[in-house]
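Visitor: You'll find target-v2.txt just under this line, and it carries compact mmCIF, C-alpha atoms.
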# COMPACT_ATOMS: atom_id res chain seq x y z
CA GLU A 249 -38.14 180.07 -91.05
CA CYS A 250 -40.94 181.66 -89.03
CA ILE A 251 -44.39 181.19 -90.54
CA CYS A 252 -47.23 183.46 -89.45
CA PRO A 253 -50.71 182.18 -90.37
CA LYS A 254 -52.94 184.48 -92.37
CA ILE A 255 -56.13 185.13 -90.39
CA SER A 256 -59.38 186.65 -91.65
CA ILE A 257 -62.59 187.89 -90.06
CA VAL A 258 -65.65 186.02 -91.34
CA ASP A 259 -67.87 189.12 -91.27
CA SER A 260 -66.09 192.42 -90.63
CA LEU A 261 -69.31 194.46 -90.22
CA ILE A 262 -71.46 193.88 -87.14
CA ASN A 263 -74.74 195.78 -87.31
CA LEU A 264 -76.52 195.78 -83.96
CA GLU A 265 -79.34 197.91 -85.43
CA THR A 266 -81.35 199.76 -82.74
CA VAL A 267 -79.90 199.71 -79.21
CA PHE A 268 -80.83 201.48 -75.97
CA ILE A 269 -78.37 204.00 -74.61
CA GLY A 270 -76.54 202.77 -71.52
CA HIS A 271 -77.56 199.12 -71.96
CA GLN A 272 -74.84 196.50 -72.43
CA TYR A 273 -75.12 194.12 -75.37
CA GLN A 274 -73.05 191.10 -76.29
CA THR A 275 -71.94 190.21 -79.79
CA PHE A 276 -68.93 188.48 -81.33
CA ILE A 277 -66.58 188.33 -84.28
CA LYS A 278 -65.34 185.14 -85.94
CA LEU A 279 -61.65 184.73 -86.68
CA GLN A 280 -60.90 182.15 -89.38
CA ASN A 281 -57.62 180.25 -89.66
CA ASP A 282 -57.37 178.18 -92.87
CA THR A 283 -53.70 177.36 -92.40
CA ASP A 284 -51.89 174.41 -90.83
CA TYR A 285 -50.56 176.52 -87.97
CA PRO A 286 -52.14 178.04 -84.86
CA ALA A 287 -52.14 181.81 -84.43
CA LYS A 288 -52.30 184.12 -81.47
CA TYR A 289 -54.54 187.19 -81.62
CA GLU A 290 -54.98 190.32 -79.53
CA PHE A 291 -57.90 192.75 -79.39
CA VAL A 292 -56.51 196.27 -79.89
CA GLU A 293 -57.96 198.73 -77.36
CA ALA A 294 -59.13 202.02 -78.91
CA THR A 295 -57.73 205.39 -77.86
CA ASP A 296 -59.50 207.72 -80.30
CA GLN A 297 -62.59 209.92 -79.82
CA SER A 298 -64.95 207.04 -80.62
CA ILE A 299 -64.55 205.75 -77.04
CA LEU A 300 -66.90 208.59 -76.07
CA ASP A 301 -69.65 207.16 -78.32
CA ALA A 302 -69.68 203.63 -76.89
CA ASP A 303 -67.75 201.12 -74.83
CA LEU A 304 -66.54 198.13 -76.83
CA THR A 305 -64.41 195.53 -75.09
CA ALA A 306 -63.45 191.91 -75.64
CA THR A 307 -64.27 189.47 -72.86
CA ARG A 308 -60.88 187.90 -73.61
CA ILE A 309 -58.33 190.39 -74.89
CA ASN A 310 -56.18 187.68 -76.50
CA GLY A 311 -56.31 184.01 -77.39
CA ILE A 312 -55.38 181.24 -79.80
CA ILE A 313 -56.95 180.45 -83.18
CA HIS A 314 -56.24 176.80 -83.91
CA SER A 315 -55.38 175.57 -87.39
CA HIS A 316 -58.32 175.06 -89.74
CA LYS A 317 -60.70 176.43 -87.12
CA VAL A 318 -62.97 179.43 -86.58
CA SER A 319 -62.68 181.11 -83.18
CA GLU A 320 -65.37 183.39 -81.74
CA VAL A 321 -64.25 186.47 -79.85
CA ALA A 322 -67.02 187.72 -77.55
CA LEU A 323 -67.51 191.49 -77.41
CA LYS A 324 -69.37 193.72 -74.96
CA PHE A 325 -70.94 196.85 -76.42
CA LYS A 326 -72.55 199.70 -74.47
CA PRO A 327 -73.70 202.89 -76.25
CA LEU A 328 -72.90 206.11 -74.39
CA GLU A 329 -74.36 208.68 -76.80
CA LEU A 330 -77.56 208.97 -78.85
CA GLY A 331 -77.57 208.58 -82.61
CA HIS A 332 -75.69 206.54 -85.20
CA ILE A 333 -72.54 204.87 -83.89
CA ASN A 334 -69.76 203.38 -86.01
CA LEU A 335 -66.78 201.93 -84.18
CA ASN A 336 -63.73 200.80 -86.13
CA ARG A 337 -61.66 198.33 -84.15
CA TYR A 338 -58.75 195.98 -84.89
CA ILE A 339 -57.43 192.48 -84.20
CA LYS A 340 -53.67 192.08 -84.12
CA ILE A 341 -52.03 188.78 -85.06
CA PHE A 342 -48.80 188.15 -83.18
CA GLY A 343 -45.73 187.88 -85.42
CA SER A 344 -47.53 189.17 -88.51
CA ASP A 345 -46.07 191.92 -90.69
CA GLU A 346 -49.57 192.70 -91.95
CA PRO A 347 -51.54 195.60 -90.45
CA PRO A 348 -54.09 194.70 -87.73
CA ILE A 349 -57.33 193.28 -89.15
CA PRO A 350 -60.14 195.88 -89.10
CA PHE A 351 -63.79 195.32 -88.23
CA THR A 352 -66.70 197.69 -87.61
CA VAL A 353 -69.53 197.68 -85.08
CA SER A 354 -72.48 199.91 -86.00
CA ALA A 355 -75.72 200.72 -84.18
CA LEU A 356 -78.43 203.31 -83.73
CA SER A 357 -78.53 204.39 -80.08
CA VAL A 358 -81.92 205.56 -78.77
CA GLY A 359 -83.56 206.54 -75.50
CA PRO A 360 -86.35 204.59 -73.79
CA ASP A 361 -89.46 203.55 -75.72
CA ILE A 362 -92.34 205.18 -73.85
CA ILE A 363 -96.01 204.36 -74.45
CA ILE A 364 -98.75 206.51 -72.87
CA ASN A 365 -102.30 205.18 -72.89
CA SER A 366 -103.91 208.53 -73.74
CA GLU A 367 -103.11 211.83 -75.44
CA LYS A 368 -105.49 213.72 -73.15
CA VAL A 369 -106.64 213.68 -69.52
CA ASN A 370 -110.35 214.45 -69.81
CA PHE A 371 -112.24 214.89 -66.55
CA GLY A 372 -115.47 215.63 -68.38
CA THR A 373 -117.99 217.56 -66.28
CA ILE A 374 -117.24 217.49 -62.55
CA ASN A 375 -118.58 219.26 -59.46
CA VAL A 376 -116.92 222.49 -58.41
CA LEU A 377 -115.13 222.75 -55.05
CA ILE A 378 -114.67 218.95 -54.91
CA GLU A 379 -111.27 217.43 -55.57
CA THR A 380 -111.34 214.88 -58.39
CA THR A 381 -108.47 212.66 -59.52
CA GLN A 382 -107.73 210.82 -62.74
CA LYS A 383 -104.72 208.70 -63.63
CA PHE A 384 -102.93 208.03 -66.86
CA GLN A 385 -100.63 205.11 -67.59
CA ILE A 386 -97.02 205.14 -68.83
CA PHE A 387 -95.36 201.94 -70.08
CA ASN A 388 -91.59 201.71 -70.44
CA LYS A 389 -91.20 199.32 -73.37
CA SER A 390 -87.41 199.19 -73.24
CA LEU A 391 -84.40 197.57 -71.61
CA ILE A 392 -83.29 200.65 -69.67
CA PRO A 393 -84.79 202.64 -66.77
CA ALA A 394 -86.69 205.78 -67.79
CA PRO A 395 -86.26 208.65 -65.29
CA PHE A 396 -88.61 211.58 -65.89
CA LYS A 397 -89.96 214.82 -64.48
CA CYS A 398 -93.40 216.24 -65.15
CA GLU A 399 -95.08 219.63 -64.95
CA ILE A 400 -98.67 220.77 -65.34
CA GLU A 401 -99.62 224.23 -66.51
CA SER A 402 -102.95 226.03 -66.43
CA LYS A 403 -103.80 229.71 -66.20
CA SER A 404 -106.10 229.11 -63.27
CA GLY A 405 -103.86 226.70 -61.33
CA VAL A 406 -106.75 224.28 -60.71
CA PHE A 407 -104.74 221.19 -61.73
CA LYS A 408 -102.02 219.35 -59.82
CA ILE A 409 -99.90 216.32 -60.74
CA PHE A 410 -98.27 213.60 -58.67
CA PRO A 411 -95.53 212.50 -58.58
CA GLU A 412 -93.52 215.31 -60.16
CA GLU A 413 -90.60 212.98 -60.83
CA ALA A 414 -89.96 209.24 -60.83
CA THR A 415 -88.14 206.43 -62.63
CA ILE A 416 -89.95 203.72 -64.56
CA GLN A 417 -88.05 200.45 -64.59
CA PRO A 418 -87.63 198.42 -67.82
CA ASN A 419 -90.87 196.84 -69.08
CA GLU A 420 -92.88 198.25 -66.19
CA THR A 421 -96.05 200.33 -66.03
CA PHE A 422 -96.32 203.52 -63.98
CA PHE A 423 -99.38 205.62 -63.09
CA VAL A 424 -99.42 209.40 -62.78
CA ALA A 425 -102.28 211.09 -60.91
CA VAL A 426 -103.81 214.38 -62.05
CA THR A 427 -106.07 216.25 -59.60
CA ALA A 428 -108.63 218.91 -60.48
CA TYR A 429 -110.20 221.31 -57.99
CA LEU A 430 -112.44 223.62 -59.97
CA ASP A 431 -113.63 226.95 -58.59
CA ASP A 432 -116.05 227.93 -61.35
CA SER A 433 -118.67 226.29 -63.58
CA VAL A 434 -116.73 226.85 -66.81
CA GLN A 435 -114.24 224.80 -68.84
CA PHE A 436 -110.64 224.67 -67.65
CA ASN A 437 -107.68 223.64 -69.82
CA GLY A 438 -104.15 222.66 -68.93
CA LYS A 439 -101.08 220.98 -70.39
CA ILE A 440 -98.85 218.27 -68.95
CA SER A 441 -95.17 218.22 -69.94
CA LEU A 442 -93.23 214.97 -69.48
CA PHE A 443 -89.45 215.25 -69.62
CA PHE A 444 -87.79 211.85 -70.04
CA GLN A 445 -84.03 211.48 -70.04
CA ASN A 446 -82.71 211.02 -73.61
CA LEU A 447 -86.11 211.79 -75.19
CA LEU A 448 -87.87 214.83 -76.56
CA PRO A 449 -90.61 216.24 -74.28
CA ILE A 450 -94.06 214.61 -74.42
CA TYR A 451 -97.18 216.78 -73.99
CA LEU A 452 -100.71 215.86 -72.87
CA ASP A 453 -103.76 218.12 -72.79
CA VAL A 454 -105.93 218.35 -69.67
CA VAL A 455 -109.57 219.46 -69.76
CA ALA A 456 -112.33 219.71 -67.16
CA LYS A 457 -115.66 221.50 -67.01
CA GLY A 458 -117.16 222.61 -63.71
CA THR A 459 -120.77 222.25 -62.71
CA GLY A 460 -122.63 223.39 -59.63
CA THR A 461 -122.74 226.53 -57.55
CA VAL A 462 -119.72 228.37 -56.24
CA ILE A 463 -120.51 229.71 -52.77
Just dump the structure as structure tokens.
Guide:
Amino acid sequence: ECICPKISIVDSLINLETVFIGHQYQTFIKLQNDTDYPAKYEFVEATDQSILDADLTATRINGIIHSHKVSEVALKFKPLELGHINLNRYIKIFGSDEPPIPFTVSALSVGPDIIINSEKVNFGTINVLIETTQKFQIFNKSLIPAPFKCEIESKSGVFKIFPEEATIQPNETFFVAVTAYLDDSVQFNGKISLFFQNLLPIYLDVVAKGTGTVI
């Protein structure tokens, strides 16, 4: 008589909470064997549409669960899309007539966490016809690179920004320079638009007031 051990998953729901898109995480499931016999398992590769939401693979696709033991199966998870992700996956027990054992990995996939040290670039009062530069600071408080492009708009065209595109590495600070060259002793206003990959646009106001004589 062939005896197939009954195997269970200790916790069938793995909640990774908030994760960064494109970053690989490691987690695991625990397979419990309360019987007197060893069992062989296999991680069932997914073929449905959920493979577009995230990659989920086992570091070892199959293995042995010894009798009266709990075996950990290491998993690698990488989100590919933004938003809530729920992946239903299965562990097959060799020789068992029971359906594969289900488990679920859930997460909220987000873009980079960007912190800017100011909501406005304020030059104050500066001399006309003299180029003046100010910088603002961007901190990438995340585990993934943050590529971005930026634009600056003003009716008069007195403001410039540099660089116009760059990538901020994880947990690094980056400085963006804004230059003003005023041609009149009045107030000038502009708006900076920052376009980060996998984020909504971020906007900063720019203001400068000219003083002095325009020749």
Visitor: Identify which of the residues A:Phe422, A:Tyr451, A:Tyr429, A:Phe342 lies closest to Leu377 of chain A, counting all atoms listed in the file when measuring atom-to-atom distances.
Guide: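 Residue with the minimum atom-to-atom distance to Leu377 of chain A: A:Tyr429.
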Visitor: Using all atoms listed in the file, find each residue of segment 421-451 of chain A with at least one atom at most 9 Å away from an atom of segment 347-369 of chain A; report its shortest atom-to-atom pair and that distance in Å (one decimal), sort the rows by chain and rising residue number, and return the result as CSV.
Guide:
residue,atom,partner,partner_atom,distance
A:Val426,CA,A:Val369,CA,8.0
A:Lys439,CA,A:Lys368,CA,8.9
A:Phe444,CA,A:Pro360,CA,8.3
A:Gln445,CA,A:Gly359,CA,7.4
A:Asn446,CA,A:Gly359,CA,4.9
A:Leu447,CA,A:Gly359,CA,5.8
A:Tyr451,CA,A:Glu367,CA,7.9
Visitor: For Gly458 of chain A, which of A:Phe291, A:Tyr273, A:Phe371, A:Tyr285 is the closest residue, counting all atoms listed in the file?
Guide: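 Result for the nearest residue to Gly458 of chain A: A:Phe371.
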Visitor: Excluding Pro411 of chain A and residues on its chain fewer than 2 positions from it, collect all residues at most 8 Å away from it, counting only C-alpha atoms, and give them as a count of residues only.
Guide: 6
Visitor: Of the residues A:Ile262, A:Leu335, A:Ile255, A:Ile309, which is the one nearest to Asp296 of chain A, using all atoms listed in the file?
Guide: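 The answer is A:Leu335, which sits nearest to Asp296 of chain A.
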Visitor: Quick one: everything within 10 Å of Leu300 of chain A, counting all atoms listed in the file, minus sequence neighbours fewer than 2 positions away in the same chain. Send it as number ranges by chain.
Guide: A: 295-298, 302-303, 327-329
Visitor: Please measure the separation of atom CA of Ser390 of chain A and atom CA of Asp453 of chain A, giving the value in Å to one decimal.
Guide: 25.0 Å
Visitor: What is the distance between atom CA of Thr283 of chain A and atom CA of Ser256 of chain A, in Å to one decimal?
Guide: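 Atom-to-atom, atom CA of Thr283 of chain A and atom CA of Ser256 of chain A are spaced 10.9 Å apart.
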Visitor: What does the distance from atom CA of Gln435 of chain A to atom CA of Glu399 of chain A come to in Å, to one decimal?
Guide: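 Between atom CA of Gln435 of chain A and atom CA of Glu399 of chain A the gap works out to 20.2 Å.
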Visitor: Smallest atom-to-atom distance to Thr373 of chain A: which of A:Phe276, A:Phe436, A:Tyr289, A:Phe443, using only C-alpha atoms?
Guide: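 Looking at the shortest contact to Thr373 of chain A, the residue is A:Phe436.
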Visitor: Counting all atoms listed in the file, figure out which residue out of A:Leu323, A:Ile269, A:Leu279, A:Val318 gets nearest to Asp301 of chain A.
Guide: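 Of the candidates, the smallest distance to Asp301 of chain A is held by A:Ile269.
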Visitor: Find the residue from A:Ala306, A:Ala322, A:Ile341, A:Ile450 that sits nearest to Pro253 of chain A; use only C-alpha atoms when measuring.
Guide: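 Under the stated criterion, the closest residue is A:Ile341.
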